[in-house]
$ cat start-v3.pdb   # PDB, C-alpha atoms
MODEL        1
ATOM      1  CA  MET A   5       0.000   0.000   0.000
ATOM      2  CA  SER A   6       1.325   3.427  -0.973
ATOM      3  CA  ASN A   7       2.304   5.917   1.712
ATOM      4  CA  LYS A   8       0.259   8.502  -0.212
ATOM      5  CA  SER A   9      -2.942   7.356   1.498
ATOM      6  CA  THR A  10      -4.658  10.045   3.524
ATOM      7  CA  TYR A  11      -7.274   9.618   6.227
ATOM      8  CA  TYR A  12      -9.988  11.975   7.399
ATOM      9  CA  ALA A  13      -9.786  12.997  11.051
ATOM     10  CA  PRO A  14     -12.341  15.212  12.850
ATOM     11  CA  THR A  15     -11.311  18.667  14.019
ATOM     12  CA  GLY A  16     -14.094  19.398  16.482
ATOM     13  CA  GLY A  17     -15.242  22.973  16.904
ATOM     14  CA  LEU A  18     -18.837  24.155  16.685
ATOM     15  CA  PRO A  19     -20.860  25.253  13.611
ATOM     16  CA  PRO A  20     -21.895  28.919  13.423
ATOM     17  CA  GLN A  21     -25.417  29.982  14.386
ATOM     18  CA  THR A  22     -26.060  30.739  10.700
ATOM     19  CA  GLN A  23     -25.656  27.112   9.576
ATOM     20  CA  LEU A  24     -28.735  25.173   8.479
ATOM     21  CA  ILE A  25     -29.807  22.550  10.991
ATOM     22  CA  SER A  26     -30.795  19.729   8.625
ATOM     23  CA  ASP A  27     -28.039  17.300   7.634
ATOM     24  CA  ARG A  28     -27.489  13.715   6.462
ATOM     25  CA  ALA A  29     -27.658  12.100   9.929
ATOM     26  CA  ILE A  30     -30.102   9.198  10.069
ATOM     27  CA  PHE A  31     -30.871   6.432  12.572
ATOM     28  CA  THR A  32     -33.020   3.474  11.538
ATOM     29  CA  GLU A  33     -33.602  -0.071  12.774
ATOM     30  CA  ALA A  34     -31.365  -1.405   9.966
ATOM     31  CA  TYR A  35     -28.606   1.195   9.692
ATOM     32  CA  ALA A  36     -27.343   4.542  10.945
ATOM     33  CA  ILE A  37     -25.339   7.331   9.317
ATOM     34  CA  ILE A  38     -23.282   9.657  11.523
ATOM     35  CA  PRO A  39     -21.937  12.371   9.183
ATOM     36  CA  LYS A  40     -18.606  14.012   9.857
ATOM     37  CA  GLY A  41     -20.357  17.290  10.711
ATOM     38  CA  VAL A  42     -21.805  15.684  13.847
ATOM     39  CA  LEU A  43     -18.346  15.272  15.403
ATOM     40  CA  THR A  44     -18.228  18.642  17.151
ATOM     41  CA  ASP A  45     -17.015  19.742  20.576
ATOM     42  CA  ILE A  46     -20.438  19.309  22.209
ATOM     43  CA  VAL A  47     -20.628  15.547  21.615
ATOM     44  CA  ILE A  48     -17.226  14.547  23.019
ATOM     45  CA  SER A  49     -16.658  12.056  25.845
ATOM     46  CA  TYR A  50     -13.848  11.318  28.311
ATOM     47  CA  LEU A  51     -12.511   8.189  30.025
ATOM     48  CA  PRO A  52     -11.043   7.522  33.488
ATOM     49  CA  PHE A  53      -7.261   7.224  33.867
ATOM     50  CA  TRP A  54      -6.569   9.209  30.672
ATOM     51  CA  ASN A  55      -5.075  12.699  30.504
ATOM     52  CA  ASN A  56      -5.085  15.322  27.743
ATOM     53  CA  MET A  57      -7.621  13.316  25.746
ATOM     54  CA  ARG A  58     -11.120  13.524  24.377
ATOM     55  CA  MET A  59     -13.074  11.199  22.105
ATOM     56  CA  TRP A  60     -16.100  10.843  19.873
ATOM     57  CA  VAL A  61     -18.167   7.690  20.389
ATOM     58  CA  LEU A  62     -19.325   6.315  17.029
ATOM     59  CA  ALA A  63     -20.905   3.083  18.256
ATOM     60  CA  ARG A  64     -21.682   1.379  21.555
ATOM     61  CA  PRO A  65     -23.524  -1.809  22.527
ATOM     62  CA  LEU A  66     -27.182  -0.858  22.652
ATOM     63  CA  SER A  67     -30.502  -2.550  21.967
ATOM     64  CA  GLY A  68     -31.439  -1.730  18.377
ATOM     65  CA  PHE A  69     -27.958  -0.450  17.556
ATOM     66  CA  SER A  70     -24.434  -1.855  17.742
ATOM     67  CA  GLU A  71     -24.653  -5.204  19.506
ATOM     68  CA  THR A  72     -21.146  -6.650  19.221
ATOM     69  CA  PHE A  73     -18.693  -3.737  19.377
ATOM     70  CA  SER A  74     -17.898  -0.171  20.357
ATOM     71  CA  GLN A  75     -15.910   2.311  18.294
ATOM     72  CA  TYR A  76     -14.301   5.599  19.301
ATOM     73  CA  ILE A  77     -12.217   8.278  17.623
ATOM     74  CA  VAL A  78      -9.720   9.300  20.299
ATOM     75  CA  GLU A  79      -7.733  12.555  20.240
ATOM     76  CA  VAL A  80      -4.703  12.791  22.535
ATOM     77  CA  ALA A  81      -2.754  16.022  22.962
ATOM     78  CA  PRO A  82       1.038  16.172  23.457
ATOM     79  CA  ASN A  83       2.153  14.453  26.691
ATOM     80  CA  GLY A  84      -1.282  12.867  26.976
ATOM     81  CA  GLY A  85      -2.150   9.206  27.193
ATOM     82  CA  SER A  86      -2.973   6.519  29.729
ATOM     83  CA  GLU A  87      -1.268   3.879  31.857
ATOM     84  CA  LYS A  88      -4.650   2.122  32.301
ATOM     85  CA  PRO A  89      -6.445   2.573  28.972
ATOM     86  CA  GLU A  90      -8.571  -0.606  29.041
ATOM     87  CA  LEU A  91     -10.482  -1.486  32.211
ATOM     88  CA  ASP A  92     -12.314  -4.572  30.893
ATOM     89  CA  GLU A  93     -10.078  -7.662  30.956
ATOM     90  CA  ASN A  94     -12.403  -9.429  28.483
ATOM     91  CA  ALA A  95     -12.196  -6.668  25.856
ATOM     92  CA  GLU A  96      -9.959  -7.011  22.809
ATOM     93  CA  GLY A  97      -9.167  -3.971  20.696
ATOM     94  CA  VAL A  98      -7.801  -2.509  17.495
ATOM     95  CA  LEU A  99      -6.123   0.881  17.222
ATOM     96  CA  PHE A 100      -5.825   2.604  13.829
ATOM     97  CA  ILE A 101      -4.131   6.011  13.565
ATOM     98  CA  VAL A 102      -5.640   8.562  11.197
ATOM     99  CA  GLU A 103      -3.479  11.566  12.146
ATOM    100  CA  GLY A 104      -0.252  12.153  14.066
ATOM    101  CA  GLU A 105       1.918   9.664  15.946
ATOM    102  CA  MET A 106       2.139   7.998  19.354
ATOM    103  CA  ASP A 107       3.894   5.315  21.347
ATOM    104  CA  VAL A 108       2.029   2.168  22.396
ATOM    105  CA  ILE A 109       3.702  -0.077  24.977
ATOM    106  CA  ILE A 110       2.407  -3.664  24.760
ATOM    107  CA  GLU A 111       3.640  -6.179  27.360
ATOM    108  CA  GLY A 112       6.646  -3.929  28.023
ATOM    109  CA  LYS A 113       7.655  -3.419  24.384
ATOM    110  CA  ASN A 114       7.409   0.057  22.852
ATOM    111  CA  HIS A 115       5.906   0.506  19.387
ATOM    112  CA  HIS A 116       6.136   3.915  17.750
ATOM    113  CA  MET A 117       3.094   4.287  15.503
ATOM    114  CA  ALA A 118       2.266   6.949  12.914
ATOM    115  CA  SER A 119      -0.630   7.662  10.552
ATOM    116  CA  GLY A 120      -1.796   4.370   9.054
ATOM    117  CA  GLY A 121      -0.483   2.400  12.037
ATOM    118  CA  TYR A 122      -2.541  -0.587  13.183
ATOM    119  CA  ALA A 123      -2.352  -2.489  16.481
ATOM    120  CA  TYR A 124      -4.300  -5.532  17.638
ATOM    121  CA  LEU A 125      -4.647  -5.833  21.421
ATOM    122  CA  PRO A 126      -5.925  -9.179  22.735
ATOM    123  CA  ALA A 127      -8.177  -9.428  25.760
ATOM    124  CA  GLY A 128      -6.179  -9.148  28.969
ATOM    125  CA  ALA A 129      -3.138  -7.562  27.295
ATOM    126  CA  LYS A 130      -1.090  -5.147  29.394
ATOM    127  CA  TRP A 131      -0.670  -1.983  27.380
ATOM    128  CA  SER A 132      -0.371   1.776  27.693
ATOM    129  CA  LEU A 133      -0.260   4.743  25.349
ATOM    130  CA  LYS A 134       1.588   8.075  25.253
ATOM    131  CA  ASN A 135       1.734  10.946  22.788
ATOM    132  CA  ASN A 136       5.396  11.972  22.894
ATOM    133  CA  SER A 137       5.108  14.211  19.828
ATOM    134  CA  LEU A 138       4.410  17.940  19.559
ATOM    135  CA  GLN A 139       1.078  17.507  17.740
ATOM    136  CA  ASN A 140      -2.256  15.903  18.559
ATOM    137  CA  VAL A 141      -2.719  12.268  17.572
ATOM    138  CA  LYS A 142      -6.100  10.872  16.477
ATOM    139  CA  PHE A 143      -6.936   7.210  16.214
ATOM    140  CA  HIS A 144      -9.829   4.780  16.052
ATOM    141  CA  TRP A 145     -10.272   2.397  18.942
ATOM    142  CA  ILE A 146     -12.540  -0.565  18.204
ATOM    143  CA  ARG A 147     -13.416  -2.832  21.142
ATOM    144  CA  LYS A 148     -15.194  -6.165  21.377
ATOM    145  CA  ALA A 149     -15.826  -8.724  24.133
ATOM    146  CA  TYR A 150     -13.645 -11.642  23.074
ATOM    147  CA  GLN A 151     -15.480 -14.950  22.607
ATOM    148  CA  VAL A 152     -13.295 -17.699  24.062
ATOM    149  CA  VAL A 153     -13.479 -21.126  22.402
ATOM    150  CA  GLU A 154     -12.181 -24.122  24.344
ATOM    151  CA  GLY A 155      -9.329 -25.765  22.451
ATOM    152  CA  ILE A 156      -8.405 -22.660  20.437
ATOM    153  CA  ASP A 157      -5.603 -20.401  21.658
ATOM    154  CA  ALA A 158      -6.253 -16.700  22.080
ATOM    155  CA  PRO A 159      -4.621 -14.467  19.430
ATOM    156  CA  GLU A 160      -1.422 -12.570  20.137
ATOM    157  CA  ALA A 161      -0.856  -8.821  20.005
ATOM    158  CA  PHE A 162       0.685  -7.408  16.841
ATOM    159  CA  VAL A 163       1.509  -4.028  15.314
ATOM    160  CA  THR A 164       1.617  -3.275  11.595
ATOM    161  CA  SER A 165       0.514  -0.537   9.169
ATOM    162  CA  ASP A 166      -1.774   0.112   6.233
ATOM    163  CA  HIS A 167       1.412   0.935   4.310
ATOM    164  CA  GLU A 168       2.984  -2.456   5.067
ATOM    165  CA  VAL A 169       0.113  -4.788   4.119
ATOM    166  CA  GLU A 170      -0.602  -5.474   0.457
ATOM    167  CA  ALA A 171      -4.257  -5.116  -0.518
ATOM    168  CA  ILE A 172      -5.887  -8.208  -2.045
ATOM    169  CA  GLU A 173      -7.993  -7.868  -5.197
ATOM    170  CA  MET A 174     -11.528  -9.193  -4.965
ATOM    171  CA  PRO A 175     -12.173 -11.898  -7.599
ATOM    172  CA  ASN A 176     -13.227 -10.811 -11.093
ATOM    173  CA  THR A 177     -13.080  -7.076 -10.321
ATOM    174  CA  GLY A 178     -10.032  -6.036 -12.344
ATOM    175  CA  GLY A 179      -8.472  -4.494  -9.245
ATOM    176  CA  VAL A 180     -11.155  -1.832  -8.694
ATOM    177  CA  TRP A 181     -12.181  -3.506  -5.402
ATOM    178  CA  LYS A 182      -9.497  -4.498  -2.898
ATOM    179  CA  THR A 183      -9.315  -5.435   0.767
ATOM    180  CA  THR A 184      -6.384  -4.851   3.124
ATOM    181  CA  ARG A 185      -6.621  -7.762   5.572
ATOM    182  CA  PHE A 186      -4.629  -7.462   8.792
ATOM    183  CA  THR A 187      -5.484 -11.000   9.939
ATOM    184  CA  GLU A 188      -5.953 -14.209   7.968
ATOM    185  CA  GLN A 189      -9.601 -15.089   7.352
ATOM    186  CA  SER A 190      -8.901 -18.715   8.262
ATOM    187  CA  ASP A 191      -7.352 -17.860  11.656
ATOM    188  CA  MET A 192     -10.006 -19.129  14.061
ATOM    189  CA  ARG A 193      -8.330 -17.405  16.989
ATOM    190  CA  HIS A 194      -9.844 -14.119  15.818
ATOM    191  CA  ASP A 195     -13.534 -13.398  16.325
ATOM    192  CA  MET A 196     -13.467  -9.997  14.647
ATOM    193  CA  HIS A 197     -11.821  -8.510  11.572
ATOM    194  CA  VAL A 198     -10.952  -4.847  11.190
ATOM    195  CA  ASN A 199      -9.882  -4.334   7.574
ATOM    196  CA  ILE A 200      -9.594  -1.522   5.038
ATOM    197  CA  VAL A 201     -11.678  -1.741   1.869
ATOM    198  CA  THR A 202     -10.674   0.243  -1.228
ATOM    199  CA  PHE A 203     -12.727   1.014  -4.337
ATOM    200  CA  GLU A 204     -11.324   2.812  -7.340
ATOM    201  CA  PRO A 205     -13.685   5.386  -8.928
ATOM    202  CA  GLY A 206     -16.611   3.579 -10.503
ATOM    203  CA  GLY A 207     -16.049   0.388  -8.518
ATOM    204  CA  VAL A 208     -19.137  -1.223  -7.041
ATOM    205  CA  ILE A 209     -20.469  -3.876  -4.721
ATOM    206  CA  PRO A 210     -22.651  -5.288  -7.507
ATOM    207  CA  PHE A 211     -25.464  -6.743  -5.385
ATOM    208  CA  ASP A 212     -27.197  -6.096  -2.076
ATOM    209  CA  GLU A 213     -25.121  -8.102   0.398
ATOM    210  CA  THR A 214     -27.319  -9.592   3.123
ATOM    211  CA  HIS A 215     -25.359 -11.441   5.806
ATOM    212  CA  VAL A 216     -25.058 -12.238   9.487
ATOM    213  CA  MET A 217     -22.070  -9.965  10.168
ATOM    214  CA  GLU A 218     -22.640  -6.616  11.871
ATOM    215  CA  HIS A 219     -20.634  -3.768  10.366
ATOM    216  CA  GLY A 220     -19.071  -0.509  11.455
ATOM    217  CA  LEU A 221     -17.683   1.507   8.516
ATOM    218  CA  TYR A 222     -15.674   4.719   8.843
ATOM    219  CA  VAL A 223     -14.932   6.454   5.541
ATOM    220  CA  LEU A 224     -11.206   7.224   5.468
ATOM    221  CA  GLU A 225     -11.193   8.989   2.103
ATOM    222  CA  GLY A 226     -13.323   9.599  -0.971
ATOM    223  CA  LYS A 227     -17.073   9.410  -1.449
ATOM    224  CA  ALA A 228     -19.721   6.917  -2.558
ATOM    225  CA  VAL A 229     -23.422   6.222  -2.812
ATOM    226  CA  TYR A 230     -24.688   3.370  -0.624
ATOM    227  CA  HIS A 231     -27.857   1.332  -1.107
ATOM    228  CA  LEU A 232     -28.982   0.411   2.415
ATOM    229  CA  ASN A 233     -32.189  -1.502   3.102
ATOM    230  CA  GLY A 234     -33.780  -0.163  -0.085
ATOM    231  CA  GLU A 235     -32.673   3.460   0.341
ATOM    232  CA  TRP A 236     -29.862   5.418  -1.352
ATOM    233  CA  VAL A 237     -27.568   7.544   0.834
ATOM    234  CA  GLU A 238     -24.430   9.524   0.016
ATOM    235  CA  VAL A 239     -21.358   9.224   2.214
ATOM    236  CA  GLU A 240     -17.960  10.905   2.207
ATOM    237  CA  ALA A 241     -14.666  10.946   4.100
ATOM    238  CA  GLY A 242     -15.296  11.343   7.828
ATOM    239  CA  ASP A 243     -18.750   9.697   7.842
ATOM    240  CA  PHE A 244     -19.525   6.625   9.940
ATOM    241  CA  MET A 245     -22.036   3.899   9.080
ATOM    242  CA  TRP A 246     -23.474   1.210  11.334
ATOM    243  CA  LEU A 247     -25.104  -1.678   9.467
ATOM    244  CA  ARG A 248     -27.169  -4.178  11.391
ATOM    245  CA  ALA A 249     -26.769  -7.886  10.663
ATOM    246  CA  PHE A 250     -28.695  -8.763   7.478
ATOM    247  CA  CYS A 251     -29.089  -5.118   6.427
ATOM    248  CA  PRO A 252     -29.018  -5.204   2.577
ATOM    249  CA  GLN A 253     -25.966  -3.222   1.465
ATOM    250  CA  SER A 254     -24.226  -2.283  -1.782
ATOM    251  CA  CYS A 255     -22.310   0.766  -2.978
ATOM    252  CA  TYR A 256     -20.995   2.728  -5.948
ATOM    253  CA  ALA A 257     -17.698   4.618  -5.582
ATOM    254  CA  GLY A 258     -18.075   8.136  -6.926
ATOM    255  CA  GLY A 259     -14.508   9.370  -7.404
ATOM    256  CA  PRO A 260     -12.566  11.387  -8.407
ATOM    257  CA  GLY A 261     -10.141   9.515  -6.097
ATOM    258  CA  PRO A 262     -10.280   6.174  -4.277
ATOM    259  CA  PHE A 263     -13.055   5.429  -1.809
ATOM    260  CA  ARG A 264     -11.620   3.759   1.316
ATOM    261  CA  TYR A 265     -13.172   2.752   4.615
ATOM    262  CA  LEU A 266     -12.185   1.064   7.870
ATOM    263  CA  LEU A 267     -14.469  -1.958   8.265
ATOM    264  CA  TYR A 268     -15.388  -3.880  11.428
ATOM    265  CA  LYS A 269     -17.179  -7.229  11.319
ATOM    266  CA  ASP A 270     -17.741 -10.097  13.763
ATOM    267  CA  VAL A 271     -16.578 -13.481  12.415
ATOM    268  CA  ASN A 272     -15.654 -17.117  13.117
ATOM    269  CA  ARG A 273     -18.074 -17.903  15.938
ATOM    270  CA  HIS A 274     -21.410 -19.691  16.415
ATOM    271  CA  MET A 275     -24.496 -17.512  16.609
ATOM    272  CA  PRO A 276     -25.498 -17.162  20.311
ATOM    273  CA  PHE A 277     -29.028 -18.153  21.293
ATOM    274  CA  ILE A 278     -31.422 -15.990  23.240
ATOM    275  CA  ARG A 279     -32.364 -18.455  25.945
ATOM    276  CA  PRO A 280     -35.627 -18.307  27.893
ATOM    277  CA  LYS A 281     -35.382 -17.284  31.502
ATOM    278  CA  SER A 282     -35.852 -20.126  33.963
TER     279      SER A 282
ENDMDL
END
$ encode --input "start-v3.pdb" --output "structure tokens"
Amino acid sequence: MSNKSTYYAPTGGLPPQTQLISDRAIFTEAYAIIPKGVLTDIVISYLPFWNNMRMWVLARPLSGFSETFSQYIVEVAPNGGSEKPELDENAEGVLFIVEGEMDVIIEGKNHHMASGGYAYLPAGAKWSLKNNSLQNVKFHWIRKAYQVVEGIDAPEAFVTSDHEVEAIEMPNTGGVWKTTRFTEQSDMRHDMHVNIVTFEPGGVIPFDETHVMEHGLYVLEGKAVYHLNGEWVEVEAGDFMWLRAFCPQSCYAGGPGPFRYLLYKDVNRHMPFIRPKS
């Protein structure tokens, strides 16, 4: 992957009083669109044991919304960070940097990460984070409760980058549709994938996908038109989409440059039953 890739990162602030109120934000039973304009200063959150940080929550476990994951965009100012970033020992995570640089210490080993950097953090991992640079760093933090399977080892932590992993062409697409996979699909240790999908201008998902996997999609660059549960919506860099399991979904990349998004999906596990109360 070329180092020329760029990623949209929110800047915060507050719209002027003269701005029109109506926007592209929508929340339905099948999908939600959180446009980039929503990510202002008045919707930020904070976490315990962090300093010089703020974050925007894109998804959280909630009835009728995200059921399997949470996703934040975290902004950490110089000298900020945390020695106790994750308080849930059952939560695994992925960090993906969209702007700036930071140091992540995993099990005592320091990893200096810059824009495009990707880290997988298994449940129970001992890790910390510090912004030792002179500029703010912004990164996605995707979290999921890890589903243990007896007889299968838990995955190990690893650090890589969008720029280091070669994108794989989807079959019979002529290279207009590619996926950057940070874990092997056949690796049963992993119960979630966080990949990057790339469409060249004019590339399409040529049918309405309808599947069991829940999705979180953050548009890193470009724009597209999505067909979601029978409705057409436009999205662009900085927008977030939540797609419920079985939500029909297809898209058309609009150009003039590549359309790229960070994609979460739950994989490789049986479907849990809702059991009657005794």
$ residues_around --input "start-v3.pdb" --residues "Thr15 (chain A)" --least-positions-apart "4" --cutoff "10 Å" --atoms "all atoms listed in the file" --output "PyMOL selection string"
chain A and resi 40-41+43-45+79+142
$ closest_residue --input "start-v3.pdb" --among "A:Val47, A:Val153, A:Val102, A:Leu125" --to "Tyr265 (chain A)" --atoms "only C-alpha atoms"
A:Val102
$ residues_around --input "start-v3.pdb" --residues "Pro65 (chain A)" --least-positions-apart "6" --cutoff "10 Å" --atoms "only C-alpha atoms" --output "ChimeraX atom specification"
/A:71-75,148
$ resolve_selection --input "start-v3.pdb" --expression "the PyMOL selection byres ((chain A and resi 184) around 6)" --output "MDAnalysis selection string"
chainID A and resid 171 183 185 199:200
$ closest_atom_pairs --input "start-v3.pdb" --of "region 129-224 of chain A" --to "region 104-120 of chain A" --cutoff "7 Å" --atoms "only C-alpha atoms" --output "CSV"
residue,atom,partner,partner_atom,distance
A:Ala129,CA,A:Glu111,CA,6.9
A:Lys130,CA,A:Glu111,CA,5.3
A:Trp131,CA,A:Ile110,CA,4.4
A:Ser132,CA,A:Ile109,CA,5.2
A:Leu133,CA,A:Val108,CA,4.5
A:Lys134,CA,A:Asp107,CA,5.3
A:Asn135,CA,A:Met106,CA,4.5
A:Asn136,CA,A:Met106,CA,6.2
A:Ser137,CA,A:Glu105,CA,6.8
A:Gln139,CA,A:Gly104,CA,6.6
A:Asn140,CA,A:Gly104,CA,6.2
A:Val141,CA,A:Gly104,CA,4.3
A:Lys142,CA,A:Gly104,CA,6.5
A:Ser165,CA,A:Gly120,CA,5.4
A:Asp166,CA,A:Gly120,CA,5.1
A:His167,CA,A:Gly120,CA,6.7
$ resolve_selection --input "start-v3.pdb" --expression "the PyMOL selection byres ((chain A and resi 209) around 8)" --output "ChimeraX atom specification"
/A:207-208,210-212,254-256
$ write_last_selection --input "start-v3.pdb" --atoms "C-alpha atoms" --output "PDB file, keeping the file's coordinate frame"
ATOM      1  CA  GLY A 207     -16.049   0.388  -8.518  1.00  0.00           C
ATOM      2  CA  VAL A 208     -19.137  -1.223  -7.041  1.00  0.00           C
ATOM      3  CA  PRO A 210     -22.651  -5.288  -7.507  1.00  0.00           C
ATOM      4  CA  PHE A 211     -25.464  -6.743  -5.385  1.00  0.00           C
ATOM      5  CA  ASP A 212     -27.197  -6.096  -2.076  1.00  0.00           C
ATOM      6  CA  SER A 254     -24.226  -2.283  -1.782  1.00  0.00           C
ATOM      7  CA  CYS A 255     -22.310   0.766  -2.978  1.00  0.00           C
ATOM      8  CA  TYR A 256     -20.995   2.728  -5.948  1.00  0.00           C
TER       9      TYR A 256
END
$ resolve_selection --input "start-v3.pdb" --expression "the PyMOL selection byres ((chain A and resi 197) around 9)" --output "list in words"
Arg185, Phe186, Thr187, Glu188, Gln189, His194, Asp195, Met196, Val198, Asn199, Leu267, Tyr268, Lys269, Asp270 and Val271 of chain A
$ atom_distance --input "start-v3.pdb" --atom1 "CA of Leu247 (chain A)" --atom2 "CA of Gly220 (chain A)"
6.5 Å
$ atom_distance --input "start-v3.pdb" --atom1 "CA of Val78 (chain A)" --atom2 "CA of His144 (chain A)"
6.2 Å
$ axis_aligned_box --input "start-v3.pdb" --around "region 12-17 of chain A" --padding-each-side "3 Å" --output "lines of an AutoDock Vina configuration file"
center_x = -12.5
center_y = 17.5
center_z = 12.2
size_x = 11.5
size_y = 17.0
size_z = 15.5
$ residues_around --input "start-v3.pdb" --residues "Tyr122 (chain A)" --least-positions-apart "2" --cutoff "7 Å" --atoms "only C-alpha atoms" --output "mmCIF file with C-alpha atoms, in the coordinates of the input"
data_model
loop_
_atom_site.group_PDB
_atom_site.id
_atom_site.type_symbol
_atom_site.label_atom_id
_atom_site.label_comp_id
_atom_site.auth_asym_id
_atom_site.auth_seq_id
_atom_site.Cartn_x
_atom_site.Cartn_y
_atom_site.Cartn_z
ATOM 1 C CA LEU A 99 -6.123 0.881 17.222
ATOM 2 C CA PHE A 100 -5.825 2.604 13.829
ATOM 3 C CA ILE A 101 -4.131 6.011 13.565
ATOM 4 C CA GLY A 120 -1.796 4.370 9.054
ATOM 5 C CA TYR A 124 -4.300 -5.532 17.638
ATOM 6 C CA VAL A 163 1.509 -4.028 15.314
ATOM 7 C CA THR A 164 1.617 -3.275 11.595
ATOM 8 C CA SER A 165 0.514 -0.537 9.169
#
$ closest_residue --input "start-v3.pdb" --among "A:Phe277, A:His231, A:Ala36, A:Phe244" --to "Ala13 (chain A)" --atoms "only C-alpha atoms"
A:Phe244
$ atom_distance --input "start-v3.pdb" --atom1 "CA of Pro39 (chain A)" --atom2 "CA of Leu91 (chain A)"
29.2 Å
$ residues_around --input "start-v3.pdb" --residues "Phe53 (chain A)" --least-positions-apart "3" --cutoff "10 Å" --atoms "all atoms listed in the file" --output "PyMOL selection string"
chain A and resi 50+85-91
$ closest_residue --input "start-v3.pdb" --among "A:Phe263, A:Gly121, A:Phe162, A:Trp236" --to "Lys182 (chain A)" --atoms "only C-alpha atoms"
A:Phe263
$ closest_residue --input "start-v3.pdb" --among "A:Tyr150, A:Phe69, A:Tyr222, A:Trp145" --to "Arg193 (chain A)" --atoms "all atoms listed in the file"
A:Tyr150
$ closest_residue --input "start-v3.pdb" --among "A:Trp54, A:Phe203, A:Phe31, A:Trp60" --to "Pro14 (chain A)" --atoms "only C-alpha atoms"
A:Trp60
$ residues_near_point --input "start-v3.pdb" --point "(-7.2, 7.8, 5.3)" --cutoff "6 Å" --atoms "all atoms listed in the file" --output "list in words"
Ser9, Thr10, Tyr11, Tyr12, Leu224 and Glu225 of chain A
